[in-house]
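**Q** File query_20.txt follows (compact mmCIF, C-alpha atoms):
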```
# COMPACT_ATOMS: atom_id res chain seq x y z
CA MET A 1 0.00 0.00 0.00
CA LEU A 2 2.91 2.29 0.74
CA LEU A 3 4.14 1.76 -2.78
CA LEU A 4 1.06 3.66 -3.94
CA ILE A 5 2.36 6.65 -2.04
CA TRP A 6 5.86 6.28 -3.28
CA ALA A 7 5.66 4.98 -6.84
CA PRO A 8 5.99 5.95 -9.61
CA LYS A 9 7.91 9.14 -8.88
CA ALA A 10 10.12 7.66 -6.23
CA TRP A 11 11.02 4.72 -8.38
CA HIS A 12 11.98 7.07 -11.14
CA ARG A 13 14.32 8.93 -8.84
CA LEU A 14 15.66 5.87 -7.23
CA SER A 15 16.43 3.91 -10.36
CA PRO A 16 20.16 4.80 -10.40
CA LEU A 17 20.39 3.63 -6.83
CA LYS A 18 19.86 0.16 -5.56
CA PRO A 19 16.47 0.28 -3.98
CA PRO A 20 16.82 -0.94 -0.47
CA ALA A 21 14.05 -3.34 0.27
CA LEU A 22 11.23 -1.21 1.49
CA LEU A 23 12.07 -3.08 4.58
CA TRP A 24 9.19 -3.37 6.76
CA THR A 25 10.02 -2.74 10.36
CA PRO A 26 7.95 -0.50 12.62
CA GLY A 27 8.60 3.15 12.05
CA GLY A 28 12.27 3.82 12.75
CA GLU A 29 14.36 1.92 10.23
CA ALA A 30 12.22 2.77 7.26
CA VAL A 31 12.53 6.45 8.10
CA HIS A 32 16.28 6.11 8.43
CA VAL A 33 16.53 4.50 5.01
CA ARG A 34 14.47 7.24 3.48
CA TYR A 35 16.67 9.95 4.98
CA ARG A 36 19.66 8.32 3.35
CA LEU A 37 17.91 8.42 0.01
CA LEU A 38 16.99 12.03 0.53
CA SER A 39 20.60 13.00 1.08
CA ARG A 40 21.66 11.27 -2.16
CA GLN A 41 19.65 13.69 -4.22
CA GLY A 42 21.97 16.27 -5.64
CA PRO A 43 21.27 20.03 -5.91
CA GLY A 44 19.99 19.65 -9.48
CA GLU A 45 17.13 17.61 -8.24
CA ARG A 46 15.80 20.24 -5.97
CA GLY A 47 14.20 22.10 -8.75
CA ARG A 48 12.07 19.12 -9.67
CA GLN A 49 11.09 18.58 -6.06
CA THR A 50 9.23 21.86 -5.85
CA GLN A 51 7.00 20.94 -8.80
CA PRO A 52 3.54 20.19 -7.56
CA GLN A 53 3.26 16.58 -8.73
CA GLY A 54 1.14 15.06 -6.02
CA PRO A 55 2.30 14.90 -2.41
CA GLY A 56 5.83 16.16 -1.79
CA PHE A 57 8.63 13.97 -0.51
CA ARG A 58 8.27 15.15 3.03
CA THR A 59 4.56 14.53 3.03
CA ARG A 60 5.10 11.01 1.83
CA LEU A 61 7.72 10.56 4.45
CA LEU A 62 5.32 11.74 7.09
CA ILE A 63 2.54 9.47 5.92
CA THR A 64 4.86 6.49 5.83
CA GLY A 65 6.18 7.36 9.23
CA LEU A 66 2.70 7.65 10.67
CA PHE A 67 1.67 4.39 9.09
CA GLY A 68 4.76 2.73 10.49
CA ALA A 69 4.09 4.15 13.91
CA GLY A 70 0.49 2.99 13.70
CA LEU A 71 1.51 -0.55 12.82
CA GLY A 72 4.14 -0.54 15.52
CA GLY A 73 1.64 0.69 18.06
CA ALA A 74 -0.88 -1.97 17.09
CA TRP A 75 1.77 -4.66 17.42
CA LEU A 76 2.80 -3.44 20.86
CA ALA A 77 -0.82 -3.29 22.00
CA ALA A 78 -1.46 -6.84 20.83
CA ARG A 79 1.62 -8.04 22.62
CA ALA A 80 0.63 -6.28 25.83
CA GLU A 81 -2.84 -7.81 25.64
CA LYS A 82 -1.37 -11.30 25.24
CA GLU A 83 0.95 -10.73 28.19
CA ARG A 84 -1.93 -9.50 30.33
CA ARG A 85 -4.01 -12.56 29.53
CA ARG A 86 -1.11 -14.88 30.27
CA GLN A 87 -0.53 -13.13 33.59
CA GLN A 88 -4.20 -13.49 34.45
CA GLN A 89 -4.14 -17.23 33.77
CA ARG A 90 -1.06 -17.66 35.89
CA THR A 91 -2.62 -15.68 38.75
CA GLU A 92 -5.71 -17.84 38.58
CA ALA A 93 -3.61 -21.01 38.69
CA LEU A 94 -1.60 -19.70 41.63
CA ARG A 95 -4.75 -18.70 43.45
CA GLN A 96 -6.08 -22.21 43.05
CA ALA A 97 -2.79 -23.68 44.25
CA ALA A 98 -2.78 -21.41 47.29
CA VAL A 99 -6.12 -22.74 48.41
CA GLY A 100 -5.90 -26.39 47.42
CA GLN A 101 -2.33 -27.55 47.55
CA GLY A 102 -0.46 -27.95 50.81
CA ASP A 103 -3.46 -27.61 53.08
CA PHE A 104 -3.26 -29.37 56.40
CA SER A 105 -5.34 -30.03 59.48
CA LEU A 106 -3.23 -30.38 62.61
CA LEU A 107 -3.14 -29.57 66.33
CA ASP A 108 -0.73 -26.98 67.66
CA HIS A 109 1.20 -27.49 70.88
CA ARG A 110 -1.60 -25.82 72.85
CA GLY A 111 -4.14 -28.30 71.54
CA GLN A 112 -5.78 -25.86 69.10
CA ALA A 113 -6.78 -27.08 65.64
CA ARG A 114 -4.86 -25.38 62.84
CA CYS A 115 -5.09 -25.43 59.08
CA LYS A 116 -3.06 -23.69 56.40
CA ALA A 117 -5.53 -20.83 56.00
CA ASP A 118 -4.73 -19.77 59.57
CA PHE A 119 -1.32 -18.64 58.36
CA ARG A 120 -2.61 -16.57 55.44
CA GLY A 121 -1.07 -13.13 55.53
CA GLN A 122 2.11 -14.31 57.26
CA TRP A 123 5.47 -15.47 56.05
CA VAL A 124 6.11 -18.96 57.44
CA LEU A 125 9.37 -20.86 57.91
CA MET A 126 8.52 -24.50 58.36
CA TYR A 127 10.62 -27.49 59.46
CA PHE A 128 9.69 -31.17 59.68
CA GLY A 129 11.32 -33.24 62.41
CA PHE A 130 10.68 -35.12 65.63
CA THR A 131 11.40 -34.48 69.29
CA HIS A 132 13.52 -37.59 69.82
CA CYS A 133 15.95 -36.39 67.17
CA PRO A 134 19.63 -36.74 68.23
CA ASP A 135 21.17 -33.64 66.67
CA ILE A 136 19.88 -32.58 63.27
CA CYS A 137 16.48 -31.25 64.31
CA PRO A 138 17.78 -29.17 67.22
CA ASP A 139 20.50 -27.75 64.93
CA GLU A 140 18.09 -26.91 62.16
CA LEU A 141 15.58 -25.41 64.57
CA GLU A 142 18.32 -23.30 66.16
CA LYS A 143 19.20 -22.08 62.69
CA LEU A 144 15.58 -21.36 61.85
CA VAL A 145 15.13 -19.43 65.09
CA GLN A 146 18.29 -17.45 64.36
CA VAL A 147 16.82 -16.42 61.01
CA VAL A 148 13.56 -15.37 62.66
CA GLN A 149 15.42 -13.36 65.29
CA GLU A 150 17.59 -11.62 62.72
CA LEU A 151 14.55 -10.61 60.71
CA GLU A 152 12.64 -9.59 63.83
CA ALA A 153 15.38 -7.13 64.67
CA GLU A 154 14.83 -5.27 61.40
CA PRO A 155 12.15 -2.60 61.61
CA GLY A 156 9.80 -2.56 58.65
CA LEU A 157 9.94 -6.28 57.96
CA PRO A 158 6.85 -8.37 58.65
CA PRO A 159 7.30 -11.01 61.37
CA VAL A 160 8.04 -14.54 60.24
CA GLN A 161 6.12 -17.39 61.83
CA PRO A 162 8.36 -20.37 62.69
CA VAL A 163 6.60 -23.73 62.53
CA PHE A 164 7.79 -27.20 63.54
CA ILE A 165 5.79 -30.17 62.24
CA THR A 166 6.41 -33.63 63.60
CA VAL A 167 7.01 -36.71 61.48
CA ASP A 168 6.64 -38.90 64.58
CA PRO A 169 2.96 -38.54 65.53
CA GLU A 170 3.09 -41.71 67.60
CA ARG A 171 5.31 -40.17 70.27
CA ASP A 172 5.03 -36.44 69.63
CA THR A 173 1.81 -35.65 71.41
CA VAL A 174 0.61 -32.11 72.08
CA ALA A 175 2.32 -32.17 75.48
CA ALA A 176 5.58 -33.49 74.03
CA MET A 177 5.53 -30.77 71.38
CA ALA A 178 4.89 -28.09 74.03
CA ARG A 179 7.87 -29.31 76.05
CA TYR A 180 10.05 -29.31 72.95
CA VAL A 181 9.28 -25.95 71.34
CA GLN A 182 9.69 -23.93 74.52
CA ASP A 183 13.45 -24.47 74.33
CA PHE A 184 13.79 -22.61 71.05
CA HIS A 185 11.63 -19.52 70.58
CA PRO A 186 8.47 -18.16 72.23
CA ARG A 187 6.70 -17.97 68.86
CA LEU A 188 7.81 -21.37 67.56
CA LEU A 189 4.60 -23.27 66.87
CA GLY A 190 4.62 -27.05 67.13
CA LEU A 191 2.13 -28.99 65.02
CA THR A 192 1.11 -32.59 65.44
CA GLY A 193 -1.88 -34.80 64.70
CA SER A 194 -2.98 -38.31 63.87
CA ALA A 195 -0.87 -40.56 61.70
CA GLU A 196 -3.13 -39.80 58.72
CA GLN A 197 -2.96 -36.05 59.21
CA VAL A 198 0.83 -36.13 59.45
CA ALA A 199 1.01 -38.38 56.39
CA GLN A 200 -1.17 -35.91 54.51
CA VAL A 201 0.85 -32.81 55.34
CA SER A 202 4.12 -34.63 54.59
CA ARG A 203 2.77 -35.65 51.21
CA SER A 204 1.74 -32.09 50.45
CA TYR A 205 5.22 -30.84 51.17
CA ARG A 206 6.98 -33.84 49.62
CA VAL A 207 8.65 -34.71 52.92
CA TYR A 208 9.98 -38.27 53.16
CA TYR A 209 9.99 -39.93 56.57
CA SER A 210 10.46 -43.46 57.82
CA ALA A 211 10.58 -44.66 61.41
CA GLY A 212 13.53 -46.93 62.12
CA PRO A 213 13.48 -50.22 64.06
CA LYS A 214 12.59 -50.04 67.76
CA ASP A 215 15.15 -51.09 70.34
CA GLU A 216 14.57 -52.68 73.78
CA ASP A 217 13.42 -49.34 75.18
CA GLN A 218 10.92 -49.03 72.34
CA ASP A 219 13.01 -46.08 71.23
CA TYR A 220 13.67 -45.38 67.56
CA VAL A 221 14.89 -42.61 65.29
CA VAL A 222 12.97 -41.38 62.28
CA ASP A 223 14.81 -40.96 59.02
CA HIS A 224 13.42 -37.92 57.19
CA SER A 225 14.21 -35.33 54.55
CA ILE A 226 15.79 -32.22 55.97
CA ALA A 227 14.66 -28.87 54.69
CA ILE A 228 13.33 -25.55 55.89
CA TYR A 229 10.41 -24.39 53.76
CA LEU A 230 9.42 -20.79 53.17
CA LEU A 231 5.73 -20.06 52.58
CA SER A 232 4.54 -16.67 51.34
CA PRO A 233 1.61 -14.78 52.90
CA ASP A 234 -0.53 -16.31 50.13
CA GLY A 235 0.29 -19.73 51.54
CA LEU A 236 2.35 -20.63 48.50
CA PHE A 237 5.52 -22.64 48.75
CA THR A 238 8.16 -20.07 47.84
CA ASP A 239 11.58 -21.51 48.60
CA TYR A 240 13.38 -24.19 50.56
CA TYR A 241 16.72 -24.27 52.38
CA SER A 242 18.89 -27.33 52.85
CA ARG A 243 21.15 -28.18 55.76
CA ALA A 244 24.05 -26.58 53.90
CA ARG A 245 22.59 -23.06 54.02
CA SER A 246 23.62 -20.84 56.89
CA ALA A 247 21.23 -18.71 58.92
CA GLN A 248 22.67 -15.63 57.23
CA GLN A 249 22.05 -16.99 53.75
CA ILE A 250 18.51 -17.97 54.63
CA ALA A 251 17.77 -14.56 56.16
CA ASP A 252 19.08 -12.82 53.03
CA SER A 253 16.95 -15.02 50.83
CA VAL A 254 13.81 -14.40 52.89
CA ARG A 255 14.46 -10.66 52.74
CA ARG A 256 14.71 -10.84 48.94
CA HIS A 257 11.45 -12.75 48.69
CA MET A 258 9.72 -10.26 50.95
CA ALA A 259 10.89 -7.36 48.80
CA ALA A 260 9.69 -9.03 45.60
CA PHE A 261 6.37 -10.27 46.92
CA ARG A 262 3.07 -9.31 45.24
CA SER A 263 -0.04 -10.98 46.58
CA VAL A 264 -2.28 -12.87 44.15
CA LEU A 265 -5.10 -13.19 46.64
CA HIS A 266 -7.68 -10.39 47.33
CA MET B 1 9.85 -42.42 77.50
CA ALA B 2 9.93 -38.67 77.15
CA ALA B 3 12.27 -37.03 74.71
CA PRO B 4 15.42 -35.49 76.19
CA SER B 5 15.10 -31.84 77.16
CA MET B 6 17.48 -29.22 75.87
CA LYS B 7 19.68 -29.61 78.97
CA GLU B 8 19.79 -33.36 78.58
CA ARG B 9 20.61 -33.02 74.89
CA GLN B 10 23.48 -30.70 75.66
CA ALA B 11 24.79 -33.01 78.39
CA CYS B 12 24.70 -35.88 75.90
CA TRP B 13 26.48 -33.88 73.20
CA GLY B 14 29.11 -32.79 75.70
CA ALA B 15 29.80 -36.38 76.75
CA ARG B 16 29.93 -37.46 73.11
CA ASP B 17 32.38 -34.68 72.25
CA GLU B 18 34.63 -35.66 75.17
CA TYR B 19 34.59 -39.27 74.08
CA TRP B 20 35.33 -38.38 70.48
CA LYS B 21 38.16 -36.11 71.52
CA CYS B 22 39.68 -39.02 73.43
CA LEU B 23 39.34 -41.24 70.38
CA ASP B 24 41.04 -38.61 68.24
CA GLU B 25 43.93 -38.45 70.65
CA ASN B 26 44.28 -42.22 70.84
CA THR B 27 43.85 -42.98 67.13
CA GLU B 28 40.47 -44.66 67.60
CA ASP B 29 41.76 -46.95 70.36
CA ALA B 30 38.56 -47.35 72.37
CA SER B 31 40.29 -49.21 75.24
CA GLN B 32 41.98 -45.96 76.28
CA CYS B 33 38.69 -44.15 76.61
CA LYS B 34 36.59 -46.58 78.61
CA LYS B 35 35.62 -44.08 81.28
CA LEU B 36 34.46 -41.47 78.80
CA ARG B 37 32.59 -44.15 76.93
CA SER B 38 30.58 -45.13 79.99
CA SER B 39 29.92 -41.47 80.76
CA PHE B 40 28.73 -41.05 77.18
CA GLU B 41 26.50 -44.10 77.46
CA SER B 42 24.88 -42.88 80.64
CA SER B 43 24.19 -39.40 79.28
CA CYS B 44 22.47 -40.42 76.06
CA PRO B 45 19.55 -42.61 75.04
CA GLN B 46 20.65 -45.89 73.52
CA GLN B 47 19.27 -45.01 70.10
CA TRP B 48 21.39 -41.88 70.08
CA ILE B 49 24.51 -43.82 71.02
CA LYS B 50 23.98 -46.15 68.09
CA TYR B 51 23.32 -43.17 65.87
CA PHE B 52 26.42 -41.27 67.00
CA ASP B 53 28.60 -44.38 66.63
CA LYS B 54 27.44 -44.76 63.07
CA ARG B 55 28.02 -41.07 62.51
CA ARG B 56 31.55 -41.39 63.85
CA ASP B 57 32.27 -44.25 61.46
CA TYR B 58 30.92 -42.22 58.59
CA LEU B 59 32.95 -39.12 59.48
CA LYS B 60 36.13 -41.18 59.73
CA PHE B 61 35.43 -42.87 56.43
CA LYS B 62 34.78 -39.51 54.84
CA GLU B 63 38.12 -38.20 56.12
CA LYS B 64 39.97 -41.17 54.65
CA PHE B 65 38.09 -40.92 51.40
CA GLU B 66 38.83 -37.24 51.02
CA ALA B 67 42.49 -37.90 51.82
CA GLY B 68 42.54 -40.23 48.84
CA GLN B 69 43.11 -43.44 50.72
CA PHE B 70 40.61 -45.29 48.60
CA GLN B 71 41.75 -45.94 45.08
CA PRO B 72 39.55 -47.39 42.34
CA SER B 73 40.37 -51.05 41.83
CA LYS B 74 42.46 -51.96 38.78
CA THR B 75 39.63 -53.78 37.06
CA THR B 76 37.32 -50.77 37.00
CA ALA B 77 40.14 -48.47 35.89
CA LYS B 78 40.65 -50.57 32.79
CA SER B 79 37.02 -50.76 31.70
```
For the file at hand, write its structure as structure tokens.

**A**
Amino acid sequence: MLLLIWAPKAWHRLSPLKPPALLWTPGGEAVHVRYRLLSRQGPGERGRQTQPQGPGFRTRLLITGLFGAGLGGAWLAARAEKERRRQQQRTEALRQAAVGQGDFSLLDHRGQARCKADFRGQWVLMYFGFTHCPDICPDELEKLVQVVQELEAEPGLPPVQPVFITVDPERDTVAAMARYVQDFHPRLLGLTGSAEQVAQVSRSYRVYYSAGPKDEDQDYVVDHSIAIYLLSPDGLFTDYYSRARSAQQIADSVRRHMAAFRSVLH
Amino acid sequence: MAAPSMKERQACWGARDEYWKCLDENTEDASQCKKLRSSFESSCPQQWIKYFDKRRDYLKFKEKFEAGQFQPSKTTAKS
């Protein structure tokens, strides 16, 4: 269609030159090409330019430029619309995940029933372990508490809720959990429940656990995956930290997540 | 049987660390550290003793392995 604006006069003028492909890219490049052509015209040509033979060169340039800008604008708008729709779908999927996935129904160490929705609006650092644990669970809980304390000391950061969930429901009763958590942090919440409830929450968080053989004292250790999970205020699993990460590294990571967080609920 | 409290845990870890220090000084000769061993055994639940013994074996193995004391056997090297 642009050729209608430019031909035949332009072609006549351009014939000694190699016509650059009227390369179609939005706005800019086409204009640049045309400016180059314009400069090639020698002084002798100027006389012919002023003859009123349809729209002048500059007018044609302007029309082409506007057309290019229009096309470019339409392309950008279409792209933005596609991005918006994609973002909407993702938000919807995340919203569904926040409600459905990872829900649990457990008792805290005061005997109160708790489910995942209770923690909506808070950042949660969660650890799975058991009270009869020789060394790993106390170490990891100490680390978790250190992270919470470091973040607590910073004004302007929301408080993080530390949670300890047992993988040994047989022995870790509400009373046992209460005795255990008091040694770490006043806000550390212990969660326990029936064997089925613990199995369900462990499945949701992909936590492996397996009770070992009992000895003469009926004592046993529970083999389990070791990780500290970070949940966002939307209840979404956001990050996890292995045994190798230090309290400092975890605190830095939580801070970064807090800064980047945009809620998908409401 | 209730789980050990924080104090009991720390007492157990202390006894374990003493025993392990003795073993380090005596190149794993347990006969030299009998007293610390019985102190360790009385401070910790039996399951923990088994667990810490296994852990000790693993840590020692890891040290040897990292020091290159285990070489691949000739047959695997050829294949």

**Q** Give me, as a list of chain:residue names, the residues of chain B touching chain A, with the criterion being at most 9 Å (counting all atoms listed in the file).

**A**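 The answer, sorted by residue number, is B:Met1, B:Ala2, B:Ala3, B:Pro4, B:Ser5, B:Met6, B:Arg9, B:Trp13, B:Pro45, B:Gln46, B:Gln47, B:Trp48, B:Tyr51, B:Phe52.
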
**Q** Quote the spacing between CA of Tyr205 (chain A) and CA of Arg114 (chain A) in Å to one decimal place.

**A**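 Answer for the CA of Tyr205 (chain A) to CA of Arg114 (chain A) separation: 16.4 Å.
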
**Q** Could you state the separation of CA of Glu18 (chain B) and CA of Lys62 (chain B) in Å, given to one decimal place?

**A** 20.7 Å

**Q** What's around Glu150 (chain A) at 9 Å? Count only C-alpha atoms, leave out sequence neighbours fewer than 5 positions away in its own chain, and write the answer as number ranges by chain.

**A** A: 145, 247-248, 251

**Q** Just the residues within 9 Å of Ser194 (chain A), please, counting all atoms listed in the file, with nothing from its chain fewer than 6 positions along; format it as an mmCIF file with C-alpha atoms, in the coordinates of the input.

**A**
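Just written: part_8.cif:
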```cif
data_model
loop_
_atom_site.group_PDB
_atom_site.id
_atom_site.type_symbol
_atom_site.label_atom_id
_atom_site.label_comp_id
_atom_site.auth_asym_id
_atom_site.auth_seq_id
_atom_site.Cartn_x
_atom_site.Cartn_y
_atom_site.Cartn_z
ATOM 1 C CA LEU A 106 -3.230 -30.380 62.610
ATOM 2 C CA PRO A 169 2.960 -38.540 65.530
ATOM 3 C CA GLU A 170 3.090 -41.710 67.600
#
```

**Q** Taking all atoms listed in the file into account, which of B:Ala30, B:Lys54, B:Lys21, B:Cys44 comes nearest Glu8 (chain B)?

**A** B:Cys44
